[in-house]
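The next block holds one structure in the form of structure tokens; read it before the comments.
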Amino acid sequence: MSIRLPKPDIHFPFFVSLAIYIIISIFNKTFYGQYIPGAVFQASLLACISLLFFHEFAKLYLTDYHLKEILHLLTVFAFFAICTRFLGFKTSMLLIYIYCSRDIEFKRTAGLASYTAFAMFCFVVLSALLGIIHNYVSVGSDGRIREYLGFTYALPPAMILANVTALQVYVKKDCMPLTQILFWAVLNTWLFSKTDSRLSYFTAMFFLMLAFLFRINLDWTRIFEKCRPLVFLTAFAFIICMTVSILIIAFYDKNIDWMRRMNDISEERIVLTIESIKKFGISLFGEPVKWVGNGLDSSGNALKGQYLYVDNIYINLIQRAGIIAFAYLTAILTVAMIKAAKAKDYWLLVIWAVLSCRGILDDLIIGLHYNTFWLGIGVYIYSSANNWKPSLQKLILKKLAFLNRPKSRIKFKWQ
């Protein structure tokens with residue numbers, strides 16, 4: 001009798017690493033964070049990156065590892081080193097995760113990430129509601145009441161749930177049941193009533209609306225087939241929003257009424273960004289920027305110092321990571337969106353266009369636990385499906401065969 005064992009999944013180390021990364025990243029933004037020693041947090045990050053290395057070594061052993069992949073890997077590590085200086089090790093690991101996800105169907109990654117993040121979200125929120133950890137409540141000068149629900153600020157839980165909702169919409173796409181659409185809509189609405197995080201709420205509801213349109217047989221993706229300029233706008237949304245952000249900052253004049261009004265509506269974001277640029281500057285390889293935001297630390301203490309923070313993701317990254325690293329990130333994202341448009345992956349295209357617009361007012365989309373759609377671009381940028389030949393293994397074997405060839409003996413004949 002023979003026993004058939006299931007074929008091992010070569011991507012298993014990647015999924016384990018991603019799950020651990022999401023768990024510790026979310027924990028770090030909650031009041032549970034005060035109970036996790038810094039050494040444990042750092043060890044968890046090292047475990048994550050070790051699993052990613054093991055994932056790549058497994059691919060090297062079991063499959064062909066091509067020259068193009070080596071060049072991409074060297075490029076990724078170069079920009080990882082640049083970004084780590086001022087973005088930090090955890091945030092910069094995003095680049096390595098994007099690379100390692102290149103041959104994994106994004107639906108699988110999205111499913112795992114959404115279930116892991118949602119489980120963590122429920123655990124933290126229930127802990128806060130049951131009084132296990134503190135549910136901090138803030139009251140703004142305008143009377144705006146916001147519950148943090150166990151997190152160190154009101155924005156993280158809303159962004160996590162919005163990300164989970166978007167991932168579920170992407171996975172189900174045109175076949176998402178109405179009961180699930182209603183469930184996510186009700187849950188996001190309840191969370192909005194607690195945190196008053198408007199940007200995340202409207203983002204999540206927009207994605208649910210797209211799923212609902214499909215359920216009532218309104219295929220909105222046909223618009224892209226008939227309107228090619230719309231494909232262009234969505235594919236280049238990140239660059240367009242970046243350009244708009246830079247132009248607003250460069251030409252802002254408080255004496256112009258509509259500009260002053262725009263700054264007021266954005267809750268002084270424009271003026272604060274200009275102040276940050278004057279104070280810390282902009283360079284090719286980043287600056288050691290130290291901002292003071294509205295959030296609390298893991299012990300519930302407010303950050304000390306005068307408030308100064310850049311919410312705009314474009315200026316935020318340009319200041320911290322530098323122009324060169326930001327240009328690289330912009331390039332791979334834009335090229336991925338162009339390829340997604342050619343592949344008619346309109347869901348990913350629209351989701352990234354919405355996230356790019358959100359980036360004008362919010363910087364959370366850089367976090368992998370807040371925006372897992374970063375991993376959706378890996379297959380379009382680094383996929384080994386169309387790599388150059390020969391593979392690395394074949395090249396090495398060929399080189400060894402050349403070195404080990406029998407030496408020819410030259411015989412001289414005297415005339």
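All residue names refer to the structure tokens as shown: chains lettered A, B, ... in order, residues numbered from 1 in each chain, ligands numbered from 1 in order.
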
Name all residues at most 12 Å from region 176-192 of chain A (count only C-alpha atoms; drop same-chain ones fewer than 3 positions away) and give them as a ChimeraX atom specification. /A:118,121-122,125,145-149,154-173,195-216

I need the residues in region 8-194 of chain A that are strand (DSSP E) according to DSSP; give them as a ChimeraX atom specification. /A:137-139,145-147

Under the rule that only C-alpha atoms are counted, which of A:Ala237, A:Ala341, A:Ala110, A:Leu375 is the nearest residue to Ile98 (chain A)?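 Of the candidates, the smallest distance to Ile98 (chain A) is held by A:Leu375.
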
From a DSSP pass on the backbone, collect the residues of region 139-375 of chain A flagged as alpha helix (DSSP H) and hand them back as a ChimeraX atom specification. /A:155-172,178-195,198-215,222-226,228-235,237-250,257-265,269-280,313-321,323-342,346-358

Pick from A:Gly33, A:Glu267, A:Ile10, A:Trp220: nearest to Leu60 (chain A), with only C-alpha atoms counted? A:Ile10

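Across the structure, CA of Leu233 (chain A) and CA of Trp352 (chain A) are spaced 11.3 Å apart.
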
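Here the question is which of A:Ala235, A:Ile240, A:Ile313, A:Ile332 gets nearest to Asp345 (chain A) using only C-alpha atoms, and that residue is A:Ala235.
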
Neighbours of Pro288 (chain A) within 10 Å (only C-alpha atoms; same-chain residues fewer than 4 positions away dropped), as a PyMOL selection string? chain A and resi 85-87+280-281+319-321

Once you have the residues from the selection above, write them out as a compact mmCIF listing (two decimals), in the first residue's frame, restricted to all heavy atoms.
# COMPACT_ATOMS: atom_id res chain seq x y z
N ARG A 85 17.57 53.44 6.47
CA ARG A 85 18.24 54.48 7.25
C ARG A 85 17.23 55.36 7.99
O ARG A 85 17.40 55.64 9.19
CB ARG A 85 19.09 55.35 6.34
CG ARG A 85 20.29 54.64 5.74
CD ARG A 85 21.01 55.52 4.74
NE ARG A 85 21.55 56.71 5.36
CZ ARG A 85 21.53 57.91 4.81
NH1 ARG A 85 20.95 58.11 3.65
NH2 ARG A 85 22.08 58.94 5.44
N PHE A 86 16.18 55.81 7.31
CA PHE A 86 15.26 56.76 7.93
C PHE A 86 13.80 56.29 7.95
O PHE A 86 13.01 56.81 8.73
CB PHE A 86 15.35 58.11 7.21
CG PHE A 86 16.73 58.70 7.23
CD1 PHE A 86 17.38 59.03 6.05
CD2 PHE A 86 17.40 58.89 8.43
CE1 PHE A 86 18.67 59.57 6.06
CE2 PHE A 86 18.68 59.42 8.45
CZ PHE A 86 19.32 59.76 7.27
N LEU A 87 13.45 55.29 7.12
CA LEU A 87 12.10 54.73 7.20
C LEU A 87 12.00 53.65 8.26
O LEU A 87 10.92 53.34 8.74
CB LEU A 87 11.68 54.15 5.84
CG LEU A 87 11.28 55.12 4.74
CD1 LEU A 87 10.83 54.36 3.50
CD2 LEU A 87 10.17 56.06 5.20
N PHE A 280 13.20 70.44 7.89
CA PHE A 280 14.02 69.25 7.68
C PHE A 280 14.61 69.16 6.27
O PHE A 280 15.56 68.41 6.06
CB PHE A 280 13.20 67.99 7.97
CG PHE A 280 12.68 67.91 9.38
CD1 PHE A 280 11.33 68.07 9.65
CD2 PHE A 280 13.55 67.69 10.43
CE1 PHE A 280 10.85 68.00 10.94
CE2 PHE A 280 13.08 67.61 11.73
CZ PHE A 280 11.74 67.77 11.99
N GLY A 281 14.00 69.85 5.33
CA GLY A 281 14.52 69.84 3.97
C GLY A 281 14.20 68.57 3.20
O GLY A 281 13.50 67.67 3.68
N GLN A 319 10.62 63.20 1.90
CA GLN A 319 11.45 63.74 2.99
C GLN A 319 12.20 62.65 3.73
O GLN A 319 13.39 62.79 3.99
CB GLN A 319 10.56 64.50 3.98
CG GLN A 319 10.27 65.94 3.57
CD GLN A 319 9.92 66.81 4.76
OE1 GLN A 319 8.77 66.81 5.23
NE2 GLN A 319 10.89 67.56 5.24
N ARG A 320 11.53 61.57 4.05
CA ARG A 320 12.16 60.54 4.88
C ARG A 320 13.06 59.59 4.08
O ARG A 320 14.18 59.32 4.48
CB ARG A 320 11.09 59.73 5.61
CG ARG A 320 10.36 60.51 6.69
CD ARG A 320 9.63 59.56 7.62
NE ARG A 320 8.57 58.83 6.92
CZ ARG A 320 8.06 57.66 7.33
NH1 ARG A 320 8.54 57.10 8.42
NH2 ARG A 320 7.09 57.08 6.65
N ALA A 321 12.55 59.08 2.95
CA ALA A 321 13.31 58.10 2.17
C ALA A 321 14.24 58.75 1.16
O ALA A 321 15.22 58.14 0.73
CB ALA A 321 12.36 57.14 1.46

Just the residues within 12 Å of region 298-306 of chain A, please, counting only C-alpha atoms, with nothing from its chain fewer than 4 positions along; format it as a PyMOL selection string. chain A and resi 26-38+133-138+148+150-153+272+290-294

Nearby residues (only C-alpha atoms) at most 8 Å from region 376-382 of chain A, same-chain spacing under 3 positions excluded, as a PDB file with N, CA and C atoms, in the first residue's frame:
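What ended up in out-v5.pdb:
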ATOM      1  N   GLU A  69      16.051  37.709 -12.185  1.00  0.00           N
ATOM      2  CA  GLU A  69      15.666  37.713 -10.771  1.00  0.00           C
ATOM      3  C   GLU A  69      16.829  38.159  -9.887  1.00  0.00           C
ATOM      4  N   HIS A  72      17.084  41.924 -10.227  1.00  0.00           N
ATOM      5  CA  HIS A  72      15.993  42.550  -9.469  1.00  0.00           C
ATOM      6  C   HIS A  72      16.278  42.487  -7.972  1.00  0.00           C
ATOM      7  N   ILE A  98       7.381  42.694  -1.602  1.00  0.00           N
ATOM      8  CA  ILE A  98       6.905  42.875  -2.979  1.00  0.00           C
ATOM      9  C   ILE A  98       7.676  41.944  -3.916  1.00  0.00           C
ATOM     10  N   TYR A  99       8.990  41.889  -3.737  1.00  0.00           N
ATOM     11  CA  TYR A  99       9.809  41.030  -4.596  1.00  0.00           C
ATOM     12  C   TYR A  99       9.466  39.552  -4.404  1.00  0.00           C
ATOM     13  N   CYS A 100       9.352  39.126  -3.159  1.00  0.00           N
ATOM     14  CA  CYS A 100       9.113  37.711  -2.873  1.00  0.00           C
ATOM     15  C   CYS A 100       7.711  37.246  -3.279  1.00  0.00           C
ATOM     16  N   SER A 101       6.799  38.180  -3.515  1.00  0.00           N
ATOM     17  CA  SER A 101       5.432  37.815  -3.905  1.00  0.00           C
ATOM     18  C   SER A 101       5.273  37.704  -5.417  1.00  0.00           C
ATOM     19  N   ARG A 102       6.389  37.779  -6.153  1.00  0.00           N
ATOM     20  CA  ARG A 102       6.317  37.921  -7.605  1.00  0.00           C
ATOM     21  C   ARG A 102       5.663  36.746  -8.323  1.00  0.00           C
ATOM     22  N   ASP A 103       5.750  35.545  -7.776  1.00  0.00           N
ATOM     23  CA  ASP A 103       5.195  34.373  -8.454  1.00  0.00           C
ATOM     24  C   ASP A 103       4.004  33.784  -7.703  1.00  0.00           C
ATOM     25  N   ILE A 104       3.401  34.579  -6.849  1.00  0.00           N
ATOM     26  CA  ILE A 104       2.248  34.114  -6.072  1.00  0.00           C
ATOM     27  C   ILE A 104       1.001  34.846  -6.554  1.00  0.00           C
ATOM     28  N   GLU A 105      -0.049  34.099  -6.829  1.00  0.00           N
ATOM     29  CA  GLU A 105      -1.309  34.728  -7.241  1.00  0.00           C
ATOM     30  C   GLU A 105      -1.796  35.640  -6.115  1.00  0.00           C
ATOM     31  N   PHE A 106      -2.085  36.888  -6.451  1.00  0.00           N
ATOM     32  CA  PHE A 106      -2.412  37.859  -5.409  1.00  0.00           C
ATOM     33  C   PHE A 106      -3.676  37.486  -4.639  1.00  0.00           C
ATOM     34  N   ILE A 332       8.106  51.513 -10.020  1.00  0.00           N
ATOM     35  CA  ILE A 332       7.629  50.129 -10.037  1.00  0.00           C
ATOM     36  C   ILE A 332       6.111  50.058  -9.896  1.00  0.00           C
ATOM     37  N   LEU A 333       5.541  50.976  -9.114  1.00  0.00           N
ATOM     38  CA  LEU A 333       4.090  50.990  -8.965  1.00  0.00           C
ATOM     39  C   LEU A 333       3.411  51.387 -10.271  1.00  0.00           C
ATOM     40  N   VAL A 335       4.640  51.256 -13.424  1.00  0.00           N
ATOM     41  CA  VAL A 335       4.823  50.213 -14.443  1.00  0.00           C
ATOM     42  C   VAL A 335       3.893  49.037 -14.180  1.00  0.00           C
ATOM     43  N   ALA A 336       3.726  48.683 -12.900  1.00  0.00           N
ATOM     44  CA  ALA A 336       2.813  47.593 -12.543  1.00  0.00           C
ATOM     45  C   ALA A 336       1.382  47.920 -12.932  1.00  0.00           C
ATOM     46  N   MET A 337       0.979  49.183 -12.733  1.00  0.00           N
ATOM     47  CA  MET A 337      -0.384  49.575 -13.086  1.00  0.00           C
ATOM     48  C   MET A 337      -0.595  49.578 -14.601  1.00  0.00           C
ATOM     49  N   LYS A 339       0.927  47.533 -16.664  1.00  0.00           N
ATOM     50  CA  LYS A 339       0.808  46.125 -17.017  1.00  0.00           C
ATOM     51  C   LYS A 339      -0.529  45.547 -16.551  1.00  0.00           C
ATOM     52  N   ALA A 340      -1.018  46.024 -15.398  1.00  0.00           N
ATOM     53  CA  ALA A 340      -2.332  45.581 -14.913  1.00  0.00           C
ATOM     54  C   ALA A 340      -3.430  46.021 -15.871  1.00  0.00           C
ATOM     55  N   LEU A 348      -7.750  45.943  -9.533  1.00  0.00           N
ATOM     56  CA  LEU A 348      -6.518  46.417  -8.904  1.00  0.00           C
ATOM     57  C   LEU A 348      -6.219  47.845  -9.325  1.00  0.00           C
ATOM     58  N   THR A 372      -2.317  46.073   1.905  1.00  0.00           N
ATOM     59  CA  THR A 372      -1.678  44.861   1.401  1.00  0.00           C
ATOM     60  C   THR A 372      -1.626  44.834  -0.116  1.00  0.00           C
ATOM     61  N   PHE A 373      -2.230  45.800  -0.774  1.00  0.00           N
ATOM     62  CA  PHE A 373      -2.238  45.825  -2.235  1.00  0.00           C
ATOM     63  C   PHE A 373      -0.861  46.136  -2.820  1.00  0.00           C
TER      64      PHE A 373
END

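Of the listed residues (A:Ile270, A:Val244, A:Ile323, A:Ala78), A:Ile323 comes nearest to Ser283 (chain A); the distances count only C-alpha atoms.
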
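For the residues A:Tyr97, A:Phe232, A:Phe57, A:Tyr314, ranking by smallest atom-to-atom distance to Ala353 (chain A) using only C-alpha atoms places A:Phe232 first.
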
Coordinates-based distance that separates CA of Phe54 (chain A) from CA of Ser383 (chain A) (Å, one decimal):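 Those two atoms sit 18.3 Å apart.
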